[in-house]
Each structure stands twice: as structure tokens, then as C-alpha cells.
file input-v1.cif (mmCIF, C-alpha atoms and all ligand atoms)
data_my_file
loop_
_atom_site.label_atom_id
_atom_site.label_comp_id
_atom_site.auth_asym_id
_atom_site.auth_seq_id
_atom_site.Cartn_x
_atom_site.Cartn_y
_atom_site.Cartn_z
CA MET A 1161 11.12 -2.21 25.15
CA ASN A 1162 9.30 -1.26 22.01
CA PRO A 1163 11.67 -0.01 19.27
CA PRO A 1164 10.15 3.15 17.81
CA GLN A 1165 8.22 3.23 14.57
CA ASN A 1166 9.71 5.32 11.79
CA ARG A 1167 7.18 7.19 9.62
CA ASP A 1168 9.63 9.37 7.76
CA LEU A 1169 9.62 9.13 3.96
CA ASN A 1170 13.17 10.52 4.07
CA ALA A 1171 14.23 7.20 5.59
CA LEU A 1172 13.18 5.24 2.51
CA HIS A 1173 15.63 4.21 -0.16
CA PRO A 1174 15.34 6.64 -3.08
CA LEU A 1175 14.73 3.84 -5.59
CA PHE A 1176 11.58 2.95 -3.66
CA ARG A 1177 10.65 6.44 -2.60
CA ALA A 1178 10.52 7.67 -6.21
CA PRO A 1179 7.77 5.30 -7.40
CA LEU A 1180 6.05 5.38 -4.00
CA GLU A 1181 5.75 9.17 -4.09
CA ARG A 1182 4.31 8.98 -7.60
CA TRP A 1183 1.78 6.40 -6.43
CA LEU A 1184 0.87 8.41 -3.31
CA ALA A 1185 0.41 11.55 -5.41
CA GLU A 1186 -1.87 9.75 -7.83
CA VAL A 1187 -3.96 8.25 -5.04
CA ARG A 1188 -4.39 11.65 -3.42
CA ALA A 1189 -5.11 13.27 -6.77
CA ALA A 1190 -7.93 10.75 -7.16
CA GLY A 1191 -9.46 12.21 -4.00
CA LEU A 1192 -8.49 9.29 -1.79
CA PRO A 1193 -6.72 10.53 1.35
CA ILE A 1194 -4.20 8.11 2.85
CA ARG A 1195 -1.42 8.30 5.41
CA VAL A 1196 1.95 6.58 5.65
CA TYR A 1197 2.54 5.14 9.09
CA GLU A 1198 5.73 3.09 8.83
CA THR A 1199 8.77 3.18 6.54
CA PHE A 1200 12.32 2.02 7.41
CA ARG A 1201 12.65 -0.62 10.12
CA THR A 1202 15.70 -1.51 12.16
CA PRO A 1203 16.44 -5.22 12.68
CA ALA A 1204 15.58 -4.71 16.37
CA ARG A 1205 12.12 -3.42 15.52
CA GLN A 1206 11.56 -6.16 12.94
CA ALA A 1207 12.49 -8.77 15.56
CA TYR A 1208 10.17 -7.10 18.06
CA LEU A 1209 7.26 -7.21 15.60
CA TYR A 1210 8.08 -10.79 14.59
CA ALA A 1211 7.90 -11.88 18.23
CA GLN A 1212 4.34 -10.57 18.49
CA GLY A 1213 1.95 -13.51 18.28
CA ARG A 1214 4.86 -15.93 18.64
CA THR A 1215 6.86 -15.40 21.83
CA ARG A 1216 4.93 -12.30 22.88
CA PRO A 1217 1.15 -11.90 23.20
CA GLY A 1218 -0.84 -10.34 20.42
CA ALA A 1219 -1.81 -10.98 16.83
CA VAL A 1220 0.83 -11.95 14.27
CA VAL A 1221 1.72 -8.78 12.36
CA THR A 1222 4.57 -9.93 10.13
CA TYR A 1223 5.50 -13.14 8.36
CA THR A 1224 9.24 -12.58 8.19
CA LEU A 1225 12.36 -11.35 9.93
CA ASP A 1226 13.78 -10.32 6.55
CA SER A 1227 11.24 -7.62 5.75
CA CYS A 1228 11.61 -5.16 2.88
CA HIS A 1229 11.23 -2.48 5.57
CA ARG A 1230 14.81 -3.33 6.58
CA TYR A 1231 15.92 -2.38 3.05
CA GLY A 1232 13.98 0.88 3.06
CA THR A 1233 11.89 -0.51 0.19
CA ALA A 1234 8.54 -0.97 1.93
CA CYS A 1235 5.91 1.25 3.44
CA ASP A 1236 2.79 0.64 5.49
CA TRP A 1237 -0.11 2.99 4.96
CA ALA A 1238 -3.75 3.37 5.80
CA PRO A 1239 -6.75 5.03 4.20
CA LEU A 1240 -8.12 8.07 6.00
CA ILE A 1241 -11.86 7.90 6.44
CA GLY A 1242 -13.41 10.90 8.11
CA GLY A 1243 -9.89 11.97 9.02
CA GLN A 1244 -9.23 8.74 10.92
CA LEU A 1245 -6.90 5.88 9.96
CA SER A 1246 -8.91 2.93 8.70
CA TRP A 1247 -7.93 -0.71 8.38
CA ALA A 1248 -11.08 -1.62 6.49
CA LEU A 1249 -10.04 -4.08 3.78
CA ASP A 1250 -12.53 -2.77 1.26
CA ALA A 1251 -10.96 0.69 1.51
CA TYR A 1252 -7.55 -0.80 0.63
CA GLU A 1253 -9.01 -2.75 -2.28
CA ARG A 1254 -10.76 0.34 -3.63
CA ILE A 1255 -7.51 2.31 -3.62
CA TYR A 1256 -5.40 -0.49 -5.12
CA LYS A 1257 -7.99 -0.86 -7.86
CA ALA A 1258 -8.21 2.88 -8.54
CA VAL A 1259 -4.42 3.33 -8.73
CA PRO A 1260 -2.76 -0.05 -9.36
CA PRO A 1261 0.66 -0.18 -7.65
CA GLU A 1262 2.02 -2.50 -10.37
CA HIS A 1263 1.82 0.42 -12.80
CA PHE A 1264 4.46 2.13 -10.66
CA GLY A 1265 6.94 -0.71 -10.19
CA LEU A 1266 5.42 -1.53 -6.81
CA GLU A 1267 3.71 -4.62 -5.43
CA THR A 1268 1.44 -5.56 -2.54
CA LEU A 1269 1.08 -8.66 -0.36
CA ASP A 1270 -2.18 -10.63 -0.42
CA PHE A 1271 -1.93 -11.35 3.30
CA GLU A 1272 -0.87 -7.89 4.49
CA ARG A 1273 -2.85 -5.24 2.67
CA PRO A 1274 -1.44 -2.13 4.40
CA HIS A 1275 2.02 -3.07 3.07
CA ILE A 1276 3.38 -1.85 -0.26
CA GLN A 1277 6.91 -2.57 -1.47
CA LEU A 1278 9.30 -2.26 -4.36
CA ALA A 1279 8.46 -4.86 -7.02
CA GLY A 1280 10.51 -8.02 -6.64
CA GLY A 1281 10.65 -7.83 -2.87
CA GLN A 1282 13.90 -8.57 -1.08
CA GLN A 1283 15.49 -10.16 -4.17
CA GLY A 1284 14.49 -7.18 -6.29
CA ALA A 1285 16.11 -4.83 -3.80
CA GLN A 1286 19.28 -6.95 -3.69
CA ARG A 1287 19.50 -6.96 -7.49
CA LEU A 1288 19.56 -3.17 -7.35
CA GLY A 1289 22.41 -3.28 -4.85
CA ILE A 1290 20.23 -2.22 -1.94
CA VAL A 1291 21.57 -3.54 1.36
CA ARG A 1292 19.36 -4.19 4.36
CA ASP A 1293 19.87 -2.41 7.69
CA VAL A 1294 21.62 0.47 5.99
CA LEU A 1295 19.61 3.64 6.16
CA VAL A 1296 20.53 5.30 2.86
CA GLY A 1297 17.75 7.85 3.12
CA SER A 1298 16.41 10.05 0.40
CA VAL A 1299 16.65 13.63 1.52
CA TRP A 1300 17.04 15.75 -1.56
CA PRO A 1301 18.69 19.14 -1.35
CA ALA A 1302 16.55 22.13 -2.29
CA ILE A 1303 16.31 22.60 -6.04
CA VAL A 1304 18.08 25.77 -6.98
CA GLN A 1305 16.11 28.14 -9.16
CA PRO A 1306 17.41 28.58 -12.72
CA ALA A 1307 19.83 31.48 -13.08
CA SER A 1308 18.52 34.42 -15.03
CA VAL A 1309 21.64 34.48 -17.20
CA SER A 1310 21.35 31.93 -19.95
CA ARG A 1311 24.19 29.43 -20.21
CA PRO A 1312 24.64 26.35 -22.36
CA VAL A 1313 22.66 23.33 -21.25
CA ALA A 1314 25.00 20.58 -20.09
CA VAL A 1315 24.38 17.27 -21.79
CA VAL A 1316 25.82 14.24 -20.07
CA THR A 1317 25.26 10.53 -20.20
CA ALA A 1318 24.28 9.17 -16.84
CA PRO A 1319 26.74 6.45 -15.82
CA ALA A 1320 24.52 3.37 -15.76
CA HIS A 1321 27.32 1.22 -14.36
CA GLN A 1322 27.06 3.11 -11.09
CA GLY A 1323 23.52 1.90 -10.58
CA ALA A 1324 20.45 4.04 -10.66
CA VAL A 1325 20.89 7.73 -11.20
CA LEU A 1326 18.21 10.02 -9.93
CA VAL A 1327 17.30 13.57 -10.70
CA PRO A 1328 14.77 15.52 -8.66
CA ASP A 1329 11.39 15.76 -10.29
CA PRO A 1330 9.97 19.30 -10.28
CA ALA A 1331 6.67 17.82 -9.10
CA GLY A 1332 8.46 16.34 -6.10
CA GLY A 1333 10.01 12.92 -5.86
CA TRP A 1334 12.61 11.41 -8.11
CA ARG A 1335 13.19 10.22 -11.66
CA ASP A 1336 15.61 7.43 -12.56
CA VAL A 1337 17.64 8.48 -15.59
CA SER A 1338 20.17 5.61 -15.65
CA GLY A 1339 21.76 5.31 -19.04
CA GLN A 1340 19.80 8.20 -20.51
CA ARG A 1341 21.11 11.33 -22.12
CA LEU A 1342 20.42 14.17 -19.77
CA GLU A 1343 19.79 17.76 -20.52
CA LEU A 1344 20.37 19.40 -17.23
CA PRO A 1345 18.98 22.87 -16.72
CA PRO A 1346 21.66 25.55 -16.54
CA THR A 1347 21.49 26.03 -12.82
CA GLU A 1348 23.99 26.28 -10.06
CA GLY A 1349 24.03 22.88 -8.47
CA GLY A 1350 22.67 20.98 -11.45
CA TYR A 1351 23.72 17.61 -10.16
CA ILE A 1352 22.62 14.04 -10.09
CA LEU A 1353 23.18 11.58 -7.35
CA ASN A 1354 23.85 7.88 -7.42
CA ALA A 1355 20.95 6.18 -5.70
CA THR A 1356 23.08 4.36 -3.18
CA GLY A 1357 24.51 7.65 -2.02
CA ALA A 1358 27.88 5.92 -2.17
CA SER A 1359 29.15 8.06 -4.98
CA VAL A 1360 27.91 11.39 -6.18
CA TYR A 1361 28.02 12.06 -9.85
CA LEU A 1362 28.44 15.72 -10.59
CA ALA A 1363 27.21 17.17 -13.82
CA PRO A 1364 29.69 19.36 -15.68
CA ASN A 1365 27.90 22.56 -14.69
CA TYR A 1366 27.94 21.79 -11.00
CA LYS A 1367 29.35 24.57 -8.87
CA LYS A 1368 29.45 24.83 -5.16
ZN ZN B 1 4.93 -3.50 5.94
#
call {"tool": "encode", "arguments": {"input": "input-v1.cif", "output": "C-alpha cells", "more": "lines below"}}
Ligand SMILES: [Zn+2]
result
Amino acid sequence: MNPPQNRDLNALHPLFRAPLERWLAEVRAAGLPIRVYETFRTPARQAYLYAQGRTRPGAVVTYTLDSCHRYGTACDWAPLIGGQLSWALDAYERIYKAVPPEHFGLETLDFERPHIQLAGGQQGAQRLGIVRDVLVGSVWPAIVQPASVSRPVAVVTAPAHQGAVLVPDPAGGWRDVSGQRLELPPTEGGYILNATGASVYLAPNYKK
């Protein structure tokens, strides 16, 4: 049995997906096509990959059972060269040099170049309250267009004690606004969501 590979960005934790999407966008804007090929990993799949090169034939592909993929805070990707996935190391180095992941709160592993993760690794994820093997996901509801009738802009303080607070970025992706004063556009459904998905914080102008 080969537990399936998950390539869905929606399966990533939003606190990782936000900076990752910004990094991906910048890489692509620089004219460097790349493709994501693995995101969230179940413990069964991690164990399956860990066995490769150890108790199962093949090359070693992972150094740990406790991968950031299990937290939804890691992603494997590959450059596209002539429309084909490439594992050429120089292509990875060129892209990491052109758009340094550390400028986005991300980090890479010297020994596993296709892998990019939230800075701080497993401990960093745990400090943010991210739990492994829980697929939080990061599907964002459609952004409602501003109403034509002008209404007062709601100003709220994002509750930092609830952890990260994300608002959808018009360019796609997410923006962490923890502890900031927010000026939410006067739209139906102007809401912000706690990153863990455990509690939803509704802005005063939220209507359903
Ligand atoms: Zn990886």
C-alpha cells in the first residue's frame, strides 16, 4: 500500500500557506515556473516514506518521522523546465537565490532542496499552536464584492490572544493581522478567521 500524495494547497495550514503563496507568486512573477507536488502528509504516508531506503527498497527520501508536512507547514516543489518537473539542483539554487525564502518567513533544508517549510520547523509550528496530524486546511470563502451603498467602515482590534488572525489578501493568499487595528471594508461578510479554525472571530459588520 502506498498512501496517496496530497498536492492540494488547501490542505496546508493557513499560517504557512500565506507566506508560501506570496513566495510562489514572486517566483512566478520572476518568470520562473514551478509546481507544488506535495503538501499535507498523514502519519501513515510519512511512515511509508520513512521506510523507503530503510526497511523498504529505494533511496532514502526523508530524514524524519516528525515531518513538518504532518503539521501542514511544509511543501515540496519542483522547477518546471520545458514544461517538465526538474530535480536539477542548480535550478533550485537559482530560484532560492532569486527569491530568498527567508524573506517570507520560510526556510529550506540543506539536504532536501525540494522542501520548503515554515521558519522554525516543527518547534516553530508548535509555538504557533499548530498541531500535527490535524488537517486544518486553508480554504477561504469567496470574497464578497463591496456593496454599492456606502456604510461606515468597521474598525476592530484583532484579538491577538486567539493566535494569528488572517484576512484574505485581494491578490490571493492571506495576511496576518494579529494585534493590528483593522479597517474592514464595508462588505457583507467582512470577517476574519482565527488561523486554527477553532474559533471564528466575526467583525461587527458581519452579516449572514
Ligand atoms: Zn518535504
call {"tool": "residues_around", "arguments": {"input": "input-v1.cif", "residues": "Tyr1223 (chain A)", "least_positions_apart": "5", "cutoff": "10 Å", "atoms": "only C-alpha atoms", "output": "MDAnalysis selection string"}}
result
chainID A and resid 1209:1210 1271:1272
call {"tool": "write_last_selection", "arguments": {"input": "input-v1.cif", "atoms": "C-alpha atoms", "output": "mmCIF file, keeping the file's coordinate frame"}}
result
data_model
loop_
_atom_site.group_PDB
_atom_site.id
_atom_site.type_symbol
_atom_site.label_atom_id
_atom_site.label_comp_id
_atom_site.auth_asym_id
_atom_site.auth_seq_id
_atom_site.Cartn_x
_atom_site.Cartn_y
_atom_site.Cartn_z
ATOM 1 C CA LEU A 1209 7.260 -7.210 15.600
ATOM 2 C CA TYR A 1210 8.080 -10.790 14.590
ATOM 3 C CA PHE A 1271 -1.930 -11.350 3.300
ATOM 4 C CA GLU A 1272 -0.870 -7.890 4.490
#
call {"tool": "axis_aligned_box", "arguments": {"input": "input-v1.cif", "around": "region 1165-1182 of chain A", "padding_each_side": "4 Å", "output": "JSON"}}
result
{"center_x": 10.0, "center_y": 6.7, "center_z": 3.5, "size_x": 19.3, "size_y": 15.6, "size_z": 30.2}
call {"tool": "atom_distance", "arguments": {"input": "input-v1.cif", "atom1": "CA of Arg1167 (chain A)", "atom2": "CA of Arg1195 (chain A)"}}
result
9.6 Å
call {"tool": "residues_near_ligand", "arguments": {"input": "input-v1.cif", "ligand": "ligand ZN 1 (chain B)", "cutoff": "8 Å", "atoms": "all atoms listed in the file", "output": "list of chain:residue names"}}
result
A:Glu1198, A:Thr1199, A:Thr1222, A:Ser1227, A:Cys1228, A:His1229, A:Ala1234, A:Cys1235, A:Asp1236, A:Glu1272, A:Pro1274, A:His1275, A:Ile1276, A:Gln1277
call {"tool": "residues_around", "arguments": {"input": "input-v1.cif", "residues": "Arg1188 (chain A)", "least_positions_apart": "4", "cutoff": "12 Å", "atoms": "all atoms listed in the file", "output": "PyMOL selection string"}}
result
chain A and resi 1181-1184+1192-1195+1239-1240+1255+1258-1259
call {"tool": "closest_residue", "arguments": {"input": "input-v1.cif", "among": "A:Gln1282, A:Ala1185, A:Gly1265, A:Arg1177", "to": "Thr1224 (chain A)", "atoms": "only C-alpha atoms"}}
result
A:Gln1282
call {"tool": "atom_distance", "arguments": {"input": "input-v1.cif", "atom1": "CA of Leu1269 (chain A)", "atom2": "CA of Val1187 (chain A)"}}
result
18.3 Å
call {"tool": "atom_distance", "arguments": {"input": "input-v1.cif", "atom1": "CA of Leu1295 (chain A)", "atom2": "CA of Arg1230 (chain A)"}}
result
8.5 Å
call {"tool": "residues_around", "arguments": {"input": "input-v1.cif", "residues": "Ala1248 (chain A)", "least_positions_apart": "3", "cutoff": "9 Å", "atoms": "all atoms listed in the file", "output": "PyMOL selection string"}}
result
chain A and resi 1238-1239+1251-1252
call {"tool": "closest_residue", "arguments": {"input": "input-v1.cif", "among": "A:Ser1298, A:Gln1206, A:Leu1225, A:Thr1233", "to": "Ala1279 (chain A)", "atoms": "only C-alpha atoms"}}
result
A:Thr1233
call {"tool": "closest_residue", "arguments": {"input": "input-v1.cif", "among": "A:Ala1204, A:Leu1175, A:Ile1241, A:Leu1266", "to": "Ile1290 (chain A)", "atoms": "only C-alpha atoms"}}
result
A:Leu1175
call {"tool": "residues_around", "arguments": {"input": "input-v1.cif", "residues": "Ala1171 (chain A)", "least_positions_apart": "2", "cutoff": "6 Å", "atoms": "all atoms listed in the file", "output": "list in words"}}
result
Asp1168, Leu1169, Phe1200 and Gly1297 of chain A
